[in-house]
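Dumped target-v1.cif below, it's mmCIF, N, CA and C atoms:
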```cif
data_model
loop_
_atom_site.label_atom_id
_atom_site.label_comp_id
_atom_site.auth_asym_id
_atom_site.auth_seq_id
_atom_site.Cartn_x
_atom_site.Cartn_y
_atom_site.Cartn_z
N MET A 1 0.85 -1.17 0.00
CA MET A 1 0.00 0.00 0.00
C MET A 1 0.90 1.24 0.00
N SER A 2 0.58 2.20 -0.84
CA SER A 2 1.37 3.42 -0.93
C SER A 2 1.15 4.30 0.31
N ASP A 3 2.07 5.24 0.51
CA ASP A 3 1.94 6.18 1.63
C ASP A 3 0.63 6.95 1.54
N ILE A 4 0.31 7.40 0.35
CA ILE A 4 -0.90 8.20 0.20
C ILE A 4 -2.15 7.39 0.54
N GLU A 5 -2.17 6.13 0.12
CA GLU A 5 -3.30 5.26 0.47
C GLU A 5 -3.41 5.06 1.97
N SER A 6 -2.30 4.79 2.60
CA SER A 6 -2.28 4.57 4.06
C SER A 6 -2.80 5.79 4.80
N VAL A 7 -2.32 6.96 4.41
CA VAL A 7 -2.71 8.19 5.08
C VAL A 7 -4.20 8.46 4.87
N VAL A 8 -4.67 8.34 3.65
CA VAL A 8 -6.08 8.64 3.35
C VAL A 8 -7.01 7.65 4.06
N LEU A 9 -6.68 6.39 4.02
CA LEU A 9 -7.54 5.40 4.68
C LEU A 9 -7.62 5.63 6.18
N ARG A 10 -6.48 5.91 6.80
CA ARG A 10 -6.47 6.12 8.25
C ARG A 10 -7.20 7.41 8.63
N THR A 11 -7.02 8.47 7.85
CA THR A 11 -7.69 9.73 8.19
C THR A 11 -9.18 9.65 7.93
N ARG A 12 -9.59 8.86 6.96
CA ARG A 12 -11.03 8.66 6.75
C ARG A 12 -11.67 8.01 7.97
N ARG A 13 -10.95 7.12 8.60
CA ARG A 13 -11.46 6.49 9.82
C ARG A 13 -11.63 7.53 10.93
N LEU A 14 -10.67 8.44 11.05
CA LEU A 14 -10.79 9.52 12.03
C LEU A 14 -12.00 10.40 11.73
N GLU A 15 -12.20 10.72 10.45
CA GLU A 15 -13.35 11.54 10.06
C GLU A 15 -14.66 10.86 10.47
N LYS A 16 -14.73 9.57 10.23
CA LYS A 16 -15.94 8.81 10.60
C LYS A 16 -16.16 8.85 12.11
N LEU A 17 -15.10 8.65 12.88
CA LEU A 17 -15.21 8.69 14.34
C LEU A 17 -15.67 10.06 14.83
N LEU A 18 -15.13 11.12 14.24
CA LEU A 18 -15.54 12.47 14.64
C LEU A 18 -17.02 12.71 14.34
N ARG A 19 -17.47 12.23 13.19
CA ARG A 19 -18.89 12.40 12.84
C ARG A 19 -19.80 11.60 13.79
N GLN A 20 -19.40 10.38 14.09
CA GLN A 20 -20.24 9.51 14.91
C GLN A 20 -20.19 9.86 16.39
N GLN A 21 -19.01 10.07 16.92
CA GLN A 21 -18.86 10.23 18.37
C GLN A 21 -18.96 11.68 18.84
N TYR A 22 -18.64 12.62 17.95
CA TYR A 22 -18.63 14.03 18.37
C TYR A 22 -19.58 14.90 17.56
N ARG A 23 -20.41 14.26 16.73
CA ARG A 23 -21.38 14.97 15.90
C ARG A 23 -20.73 16.07 15.06
N ALA A 24 -19.54 15.79 14.55
CA ALA A 24 -18.81 16.75 13.74
C ALA A 24 -19.48 16.90 12.38
N ASP A 25 -19.33 18.09 11.81
CA ASP A 25 -19.92 18.38 10.52
C ASP A 25 -18.90 19.13 9.68
N GLY A 26 -18.75 18.75 8.43
CA GLY A 26 -17.83 19.43 7.53
C GLY A 26 -17.34 18.49 6.45
N LYS A 27 -16.57 19.06 5.54
CA LYS A 27 -16.09 18.28 4.40
C LYS A 27 -14.74 17.62 4.67
N GLY A 28 -13.85 18.31 5.33
CA GLY A 28 -12.52 17.77 5.57
C GLY A 28 -12.23 17.66 7.05
N LEU A 29 -11.10 17.10 7.35
CA LEU A 29 -10.72 16.87 8.74
C LEU A 29 -10.60 18.18 9.53
N HIS A 30 -10.03 19.22 8.92
CA HIS A 30 -9.95 20.51 9.61
C HIS A 30 -11.34 21.04 9.95
N GLN A 31 -12.27 20.97 9.01
CA GLN A 31 -13.63 21.45 9.25
C GLN A 31 -14.33 20.61 10.32
N LEU A 32 -14.11 19.32 10.27
CA LEU A 32 -14.72 18.44 11.27
C LEU A 32 -14.21 18.78 12.67
N VAL A 33 -12.92 18.98 12.80
CA VAL A 33 -12.34 19.34 14.10
C VAL A 33 -12.92 20.67 14.57
N SER A 34 -12.98 21.65 13.69
CA SER A 34 -13.52 22.96 14.06
C SER A 34 -14.95 22.88 14.54
N SER A 35 -15.73 22.02 13.90
CA SER A 35 -17.16 21.94 14.23
C SER A 35 -17.45 21.31 15.58
N CYS A 36 -16.48 20.58 16.13
CA CYS A 36 -16.73 19.91 17.41
C CYS A 36 -15.61 20.17 18.42
N GLU A 37 -14.84 21.21 18.18
CA GLU A 37 -13.67 21.51 19.00
C GLU A 37 -13.99 21.59 20.49
N GLU A 38 -15.14 22.16 20.82
CA GLU A 38 -15.49 22.33 22.24
C GLU A 38 -15.81 21.00 22.92
N ARG A 39 -16.04 19.96 22.14
CA ARG A 39 -16.35 18.65 22.72
C ARG A 39 -15.15 17.70 22.72
N LEU A 40 -14.05 18.13 22.11
CA LEU A 40 -12.86 17.28 22.01
C LEU A 40 -11.90 17.54 23.17
N PRO A 41 -11.20 16.51 23.61
CA PRO A 41 -10.14 16.73 24.61
C PRO A 41 -9.09 17.68 24.03
N HIS A 42 -8.63 18.62 24.83
CA HIS A 42 -7.71 19.65 24.34
C HIS A 42 -6.42 19.07 23.76
N ASP A 43 -5.91 18.00 24.36
CA ASP A 43 -4.65 17.44 23.86
C ASP A 43 -4.81 16.76 22.50
N VAL A 44 -6.03 16.43 22.13
CA VAL A 44 -6.28 15.75 20.87
C VAL A 44 -6.41 16.74 19.71
N ILE A 45 -6.85 17.95 19.99
CA ILE A 45 -7.11 18.93 18.93
C ILE A 45 -5.85 19.21 18.11
N ASN A 46 -4.74 19.49 18.77
CA ASN A 46 -3.49 19.77 18.04
C ASN A 46 -3.02 18.57 17.23
N LYS A 47 -3.19 17.39 17.78
CA LYS A 47 -2.80 16.18 17.05
C LYS A 47 -3.65 16.01 15.79
N LEU A 48 -4.95 16.25 15.92
CA LEU A 48 -5.84 16.12 14.76
C LEU A 48 -5.53 17.18 13.70
N ARG A 49 -5.20 18.38 14.13
CA ARG A 49 -4.82 19.44 13.18
C ARG A 49 -3.54 19.06 12.43
N TYR A 50 -2.58 18.51 13.14
CA TYR A 50 -1.34 18.07 12.50
C TYR A 50 -1.63 16.95 11.49
N ILE A 51 -2.43 15.98 11.90
CA ILE A 51 -2.80 14.87 11.02
C ILE A 51 -3.50 15.40 9.77
N ALA A 52 -4.41 16.34 9.94
CA ALA A 52 -5.13 16.92 8.80
C ALA A 52 -4.17 17.64 7.85
N THR A 53 -3.21 18.35 8.42
CA THR A 53 -2.24 19.07 7.59
C THR A 53 -1.39 18.10 6.77
N ILE A 54 -0.91 17.05 7.41
CA ILE A 54 -0.11 16.04 6.70
C ILE A 54 -0.94 15.37 5.62
N ARG A 55 -2.16 15.04 5.94
CA ARG A 55 -3.06 14.41 4.95
C ARG A 55 -3.24 15.32 3.74
N ASN A 56 -3.48 16.60 3.97
CA ASN A 56 -3.68 17.54 2.86
C ASN A 56 -2.41 17.68 2.02
N LYS A 57 -1.27 17.71 2.67
CA LYS A 57 -0.01 17.80 1.93
C LYS A 57 0.21 16.55 1.08
N MET A 58 -0.10 15.39 1.64
CA MET A 58 0.06 14.13 0.89
C MET A 58 -0.80 14.13 -0.36
N VAL A 59 -2.01 14.63 -0.24
CA VAL A 59 -2.96 14.59 -1.35
C VAL A 59 -2.69 15.70 -2.37
N HIS A 60 -2.30 16.87 -1.93
CA HIS A 60 -2.27 18.04 -2.81
C HIS A 60 -0.89 18.50 -3.26
N GLU A 61 0.17 18.05 -2.62
CA GLU A 61 1.52 18.50 -3.00
C GLU A 61 2.30 17.36 -3.64
N ASP A 62 2.65 17.53 -4.90
CA ASP A 62 3.36 16.49 -5.64
C ASP A 62 4.68 16.07 -5.02
N ASP A 63 5.40 17.02 -4.46
CA ASP A 63 6.74 16.73 -3.97
C ASP A 63 6.79 16.41 -2.48
N PHE A 64 5.63 16.29 -1.81
CA PHE A 64 5.63 16.02 -0.38
C PHE A 64 5.96 14.55 -0.12
N GLU A 65 6.87 14.33 0.83
CA GLU A 65 7.22 12.97 1.24
C GLU A 65 7.01 12.84 2.74
N LEU A 66 6.41 11.76 3.15
CA LEU A 66 6.17 11.48 4.56
C LEU A 66 7.45 10.90 5.14
N ASP A 67 8.15 11.71 5.94
CA ASP A 67 9.46 11.30 6.47
C ASP A 67 9.37 10.17 7.48
N ASP A 68 8.38 10.21 8.35
CA ASP A 68 8.27 9.23 9.43
C ASP A 68 6.89 8.57 9.36
N LYS A 69 6.75 7.65 8.43
CA LYS A 69 5.46 7.00 8.21
C LYS A 69 5.00 6.25 9.46
N SER A 70 5.88 5.51 10.08
CA SER A 70 5.47 4.72 11.25
C SER A 70 5.06 5.64 12.41
N GLY A 71 5.77 6.73 12.59
CA GLY A 71 5.40 7.69 13.65
C GLY A 71 4.06 8.33 13.37
N PHE A 72 3.82 8.68 12.11
CA PHE A 72 2.54 9.28 11.74
C PHE A 72 1.40 8.28 11.96
N MET A 73 1.61 7.04 11.56
CA MET A 73 0.57 6.02 11.72
C MET A 73 0.28 5.77 13.20
N ARG A 74 1.30 5.79 14.03
CA ARG A 74 1.09 5.65 15.48
C ARG A 74 0.25 6.82 16.01
N LEU A 75 0.56 8.02 15.56
CA LEU A 75 -0.18 9.21 15.99
C LEU A 75 -1.65 9.08 15.59
N VAL A 76 -1.91 8.66 14.36
CA VAL A 76 -3.29 8.50 13.90
C VAL A 76 -4.00 7.43 14.73
N THR A 77 -3.33 6.33 14.99
CA THR A 77 -3.92 5.24 15.78
C THR A 77 -4.24 5.73 17.19
N ASN A 78 -3.31 6.45 17.80
CA ASN A 78 -3.54 6.98 19.16
C ASN A 78 -4.67 8.00 19.17
N ALA A 79 -4.76 8.83 18.16
CA ALA A 79 -5.84 9.82 18.07
C ALA A 79 -7.19 9.12 17.94
N SER A 80 -7.21 7.98 17.28
CA SER A 80 -8.45 7.21 17.11
C SER A 80 -8.95 6.64 18.44
N LYS A 81 -8.04 6.40 19.34
CA LYS A 81 -8.41 5.78 20.62
C LYS A 81 -8.94 6.79 21.62
N ASN A 82 -8.67 8.08 21.42
CA ASN A 82 -9.10 9.11 22.36
C ASN A 82 -10.48 9.52 22.10
#
```
Kindly transcribe the structure held in the file into C-alpha cells.
Amino acid sequence: MSDIESVVLRTRRLEKLLRQQYRADGKGLHQLVSSCEERLPHDVINKLRYIATIRNKMVHEDDFELDDKSGFMRLVTNASKN
C-alpha cells in the first residue's frame, strides 16, 4: 500500500469517528475538528490538526514525502483511541 493510500484510509477512519462520536460536521478533517472543537479533549485537537495538515499535503503536494510514516501512523492510531 502506498503512503498516500495509508494516510487517506487512516484519516477517513478519524473523520468517521468524529462524525459519529462528536457529531462533527464538515467536508474535511480541519472542518470536522472545528465543528466539534469544544467537545474534544484539548490534547487531541493539536494532534488532529497536525494529522489533517499532513493528509492535505500528501494529497495536494506532488513533492511532499512522509518522512516518518510509522510515527505518523502511530499518531493516527492513538488519536483514534481518544
*To verify the selection step, state as a list in words which residues the PyMOL selection byres (((chain A and resi 76 and name CA) around 9) and name CA) yields on this input.*
Val7, Arg10, Thr11, Leu14, Lys47, Leu48, Ile51, Gly71, Phe72, Met73, Arg74, Leu75, Thr77, Asn78, Ala79, Ser80 and Lys81 of chain A
*In Å to one decimal, how far is atom CA of A:His60 from atom CA of A:His30?*
14.8 Å
*asked:* Using only C-alpha atoms, which protein or nucleic acid residues come within 9 Å of A:Val59? Drop anything in the same chain fewer than 4 positions from it, and give the result as an MDAnalysis selection string.
replied: chainID A and resid 4 8 54:55 64
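A straight-line distance of 13.3 Å separates atom C of A:Glu15 from atom CA of A:Arg49.
Distance check against A:Gln31 using only C-alpha atoms: of A:Asp3, A:Glu61, A:Asn46, A:Ala52, the minimum falls on A:Ala52.
Interatomic distance, atom N of A:Val44 against atom C of A:Asp62: 29.2 Å.
Shortest separation to A:Ala24 among A:Asp63, A:Glu37, A:Ser2, A:Arg12 occurs at residue A:Glu37, atoms counted being all atoms listed in the file.
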*Backbone-only DSSP, helix (DSSP H, G or I) members of stretch 28-71 of chain A, as a PyMOL selection string*: chain A and resi 29-39+42-60+69-71
*Applied to the shown file, which residues does the PyMOL selection byres ((chain A and resi 36) around 8) return, written as a ChimeraX atom specification?*
/A:18,22-25,31-35,37-41
